[in-house]
Amino acid sequence: MMHEPGLSLERERGSPDPLHRVSSMPPLFDAHSHLPRVGALEDPVLRRDHRRVVCGTCEADWMAVVAHAASHDQVIPMLGLHPWFMEGAALGWASRLEALLRSNRAGLGECGLDFARKEADRGTQESALRVQLRLAHALGRPIALHVVHAWGRLLDLLREEGVPPAGALVHAYSGSPETARQLQAMGVFLSFSGDLLKPDRAGAREALRAVAPGHLLLETDGAGELERLFEAVAGLRGIPVAELELLTWENGSRCFRELMA
Ligand SMILES: [Zn+2]
């Protein structure tokens, strides 16, 4: 998961574009994405500041995420071991992750529990998540969680380890409205991706409507079109797009406050 830093660097740090910062609208906030594909330009939303959380998922991409954030001032970097990449993790990953986090202003993630993934042993997933929750506590950093078919265990682990006070979100939320209520009562933010627009995701749309305004975030997950998602979600929640943009900007600024410039 490498990228081509030179190209997008030009776009962001080049001569000031009068259209770029003239707007009084709040920046758009993409609460979860990944590095652009090799050689691909990132696709910042034209004429708007576009703050985005970019997550590493395995040791092989941590340095690329750090470098990407260093050359893009709108990028909030996160470093973690994703449940899909447990098996390939080399011994000692946690101490190397801690060392990188101590020398770079980055959060924890993407990490979590994916019990639909049969290859990855549940016990191994849970202990890796505990390690990353403890790092988020110890270093005062936010954490981004990937959770699939593991809601009961997630709630257990969060009760045992505590929700990191610097901020926590579940990305691409796919749980029930009831679980959403339990998570937000613990202070966890819930982020929704374009997945919720698929015809068979009525449950996710119901959960989206149940989330309190102060806990809602939206994300591309590195693939979707952010502006289209804002329009669709504003329709689903029955509020103007501009209100939703402001709301998610404020929520993102709270969830990631330790990493905001
Ligand atoms: Zn992701």
# chains A, B, ... in the order shown; residues from 1 in each chain; ligands from 1
$ residues_near_ligand --ligand "ligand 1" --cutoff "7 Å" --atoms "only C-alpha atoms and all ligand atoms" --output "list in words"
His32, Ser33, His34, Cys55, Glu110 and Asp221 of chain A
$ write_last_selection --atoms "N, CA and C atoms" --output "JSON list (two decimals), in the first residue's frame"
[["chain", "number", "residue", "atom", "x", "y", "z"],
["A", 32, "HIS", "N", -12.76, 8.20, 8.13],
["A", 32, "HIS", "CA", -12.01, 6.95, 7.97],
["A", 32, "HIS", "C", -11.67, 6.72, 6.50],
["A", 33, "SER", "N", -10.37, 6.66, 6.21],
["A", 33, "SER", "CA", -9.97, 6.34, 4.85],
["A", 33, "SER", "C", -8.60, 5.66, 4.91],
["A", 34, "HIS", "N", -8.08, 5.36, 3.73],
["A", 34, "HIS", "CA", -6.78, 4.68, 3.65],
["A", 34, "HIS", "C", -5.89, 5.41, 2.65],
["A", 55, "CYS", "N", -5.92, 5.63, 7.85],
["A", 55, "CYS", "CA", -5.53, 4.55, 8.76],
["A", 55, "CYS", "C", -4.57, 3.57, 8.11],
["A", 110, "GLU", "N", -6.22, 1.19, 12.08],
["A", 110, "GLU", "CA", -7.48, 0.52, 12.29],
["A", 110, "GLU", "C", -7.24, -0.81, 12.99],
["A", 221, "ASP", "N", -14.13, 5.42, 3.74],
["A", 221, "ASP", "CA", -13.37, 4.17, 3.85],
["A", 221, "ASP", "C", -12.42, 4.04, 2.66]]
$ residues_around --residues "A:Arg51" --least-positions-apart "5" --cutoff "7 Å" --atoms "only C-alpha atoms" --output "PyMOL selection string"
chain A and resi 27-30+74-75
$ write_last_selection --atoms "C-alpha atoms" --output "mmCIF file, in the first residue's frame"
data_model
loop_
_atom_site.group_PDB
_atom_site.id
_atom_site.type_symbol
_atom_site.label_atom_id
_atom_site.label_comp_id
_atom_site.auth_asym_id
_atom_site.auth_seq_id
_atom_site.Cartn_x
_atom_site.Cartn_y
_atom_site.Cartn_z
ATOM 1 C CA PRO A 27 -14.168 21.717 6.078
ATOM 2 C CA LEU A 28 -15.596 18.335 5.168
ATOM 3 C CA PHE A 29 -14.575 15.611 7.605
ATOM 4 C CA ASP A 30 -13.858 12.092 6.335
ATOM 5 C CA GLN A 74 -5.226 17.815 6.090
ATOM 6 C CA VAL A 75 -4.408 14.178 6.898
#
$ select_by_dssp --residues "stretch 58-166 of chain A" --states "strand (DSSP E or B)" --output "mmCIF file with C-alpha atoms, in the first residue's frame"
data_model
loop_
_atom_site.group_PDB
_atom_site.id
_atom_site.type_symbol
_atom_site.label_atom_id
_atom_site.label_comp_id
_atom_site.auth_asym_id
_atom_site.auth_seq_id
_atom_site.Cartn_x
_atom_site.Cartn_y
_atom_site.Cartn_z
ATOM 1 C CA VAL A 75 -4.408 14.178 6.898
ATOM 2 C CA ILE A 76 -4.842 12.791 10.415
ATOM 3 C CA PRO A 77 -2.692 9.644 10.676
ATOM 4 C CA MET A 78 -3.665 6.451 12.497
ATOM 5 C CA LEU A 79 -1.512 3.331 12.918
ATOM 6 C CA GLY A 107 -3.806 7.593 16.729
ATOM 7 C CA LEU A 108 -4.495 3.866 17.086
ATOM 8 C CA GLY A 109 -6.197 2.038 14.242
ATOM 9 C CA GLU A 110 -7.480 0.519 12.289
ATOM 10 C CA CYS A 111 -7.900 -2.311 14.760
ATOM 11 C CA GLY A 112 -10.780 -4.359 16.113
ATOM 12 C CA LEU A 113 -12.685 -7.631 15.925
ATOM 13 C CA ASP A 114 -13.933 -9.374 12.775
ATOM 14 C CA ILE A 143 -8.709 4.804 18.442
ATOM 15 C CA ALA A 144 -10.551 3.640 15.275
ATOM 16 C CA LEU A 145 -12.359 0.296 15.535
ATOM 17 C CA HIS A 146 -13.370 -2.189 12.833
ATOM 18 C CA VAL A 147 -16.127 -4.471 14.153
ATOM 19 C CA VAL A 148 -17.975 -7.205 12.260
#
$ residues_around --residues "A:Ala212" --least-positions-apart "5" --cutoff "10 Å" --atoms "only C-alpha atoms" --output "NGL selection string"
:A and (180-181 or 184-185 or 189-190)
$ write_last_selection --atoms "N, CA and C atoms" --output "compact mmCIF listing (two decimals), in the first residue's frame"
# COMPACT_ATOMS: atom_id res chain seq x y z
N ALA A 180 -25.81 0.58 18.95
CA ALA A 180 -25.39 1.97 18.72
C ALA A 180 -25.69 2.81 19.96
N ARG A 181 -26.85 2.61 20.57
CA ARG A 181 -27.19 3.38 21.78
C ARG A 181 -26.23 3.04 22.92
N GLN A 184 -22.79 4.68 22.15
CA GLN A 184 -22.73 6.15 22.32
C GLN A 184 -22.89 6.54 23.78
N ALA A 185 -23.59 5.70 24.57
CA ALA A 185 -23.68 5.97 26.01
C ALA A 185 -22.30 5.85 26.67
N PHE A 189 -17.99 7.27 19.24
CA PHE A 189 -18.58 7.85 18.02
C PHE A 189 -18.88 6.73 17.03
N LEU A 190 -19.91 6.94 16.20
CA LEU A 190 -20.29 5.94 15.20
C LEU A 190 -20.18 6.56 13.82
$ closest_atom_pairs --of "stretch 146-207 of chain A" --to "stretch 128-136 of chain A" --cutoff "10 Å" --atoms "only C-alpha atoms" --output "JSON lines"
{"residue": "A:Leu154", "atom": "CA", "partner": "A:Leu129", "partner_atom": "CA", "distance": 9.4}
{"residue": "A:Leu157", "atom": "CA", "partner": "A:Arg130", "partner_atom": "CA", "distance": 7.4}
{"residue": "A:Leu158", "atom": "CA", "partner": "A:Leu133", "partner_atom": "CA", "distance": 8.4}
{"residue": "A:Glu160", "atom": "CA", "partner": "A:Arg130", "partner_atom": "CA", "distance": 9.4}
{"residue": "A:Glu161", "atom": "CA", "partner": "A:Leu133", "partner_atom": "CA", "distance": 7.0}
{"residue": "A:Gly162", "atom": "CA", "partner": "A:Leu133", "partner_atom": "CA", "distance": 8.2}
{"residue": "A:Val163", "atom": "CA", "partner": "A:Leu133", "partner_atom": "CA", "distance": 7.8}
{"residue": "A:Pro164", "atom": "CA", "partner": "A:Ala136", "partner_atom": "CA", "distance": 5.9}
{"residue": "A:Pro165", "atom": "CA", "partner": "A:Ala136", "partner_atom": "CA", "distance": 8.5}
{"residue": "A:Ala166", "atom": "CA", "partner": "A:Ala136", "partner_atom": "CA", "distance": 7.7}
{"residue": "A:Gly167", "atom": "CA", "partner": "A:Ala136", "partner_atom": "CA", "distance": 8.9}
{"residue": "A:Ala168", "atom": "CA", "partner": "A:Ala136", "partner_atom": "CA", "distance": 9.2}
$ atom_distance --atom1 "atom CA of A:Arg102" --atom2 "atom CA of A:Leu139"
7.6 Å
$ atom_distance --atom1 "atom CA of A:Leu218" --atom2 "atom CA of A:Gly252"
9.1 Å
$ closest_residue --among "A:Ala99, A:Leu208, A:Ala89, A:Ala106" --to "A:Val66" --atoms "only C-alpha atoms"
A:Ala106
$ closest_residue --among "A:Leu196, A:Glu227, A:Glu59, A:Ala261" --to "A:Ala90" --atoms "only C-alpha atoms"
A:Glu59
$ closest_residue --among "A:Leu91, A:Val53, A:Leu226, A:Ala210" --to "A:Leu169" --atoms "only C-alpha atoms"
A:Val53
$ residues_around --residues "A:Glu225" --least-positions-apart "2" --cutoff "12 Å" --atoms "only C-alpha atoms" --output "ChimeraX atom specification"
/A:28,30,33,42-45,193-195,218-223,227-232
$ atom_distance --atom1 "atom CA of A:Lys118" --atom2 "atom CA of A:Val170"
20.9 Å
$ closest_residue --among "A:Ala67, A:Leu216, A:Leu183, A:Ala202" --to "A:Ala234" --atoms "only C-alpha atoms"
A:Leu216
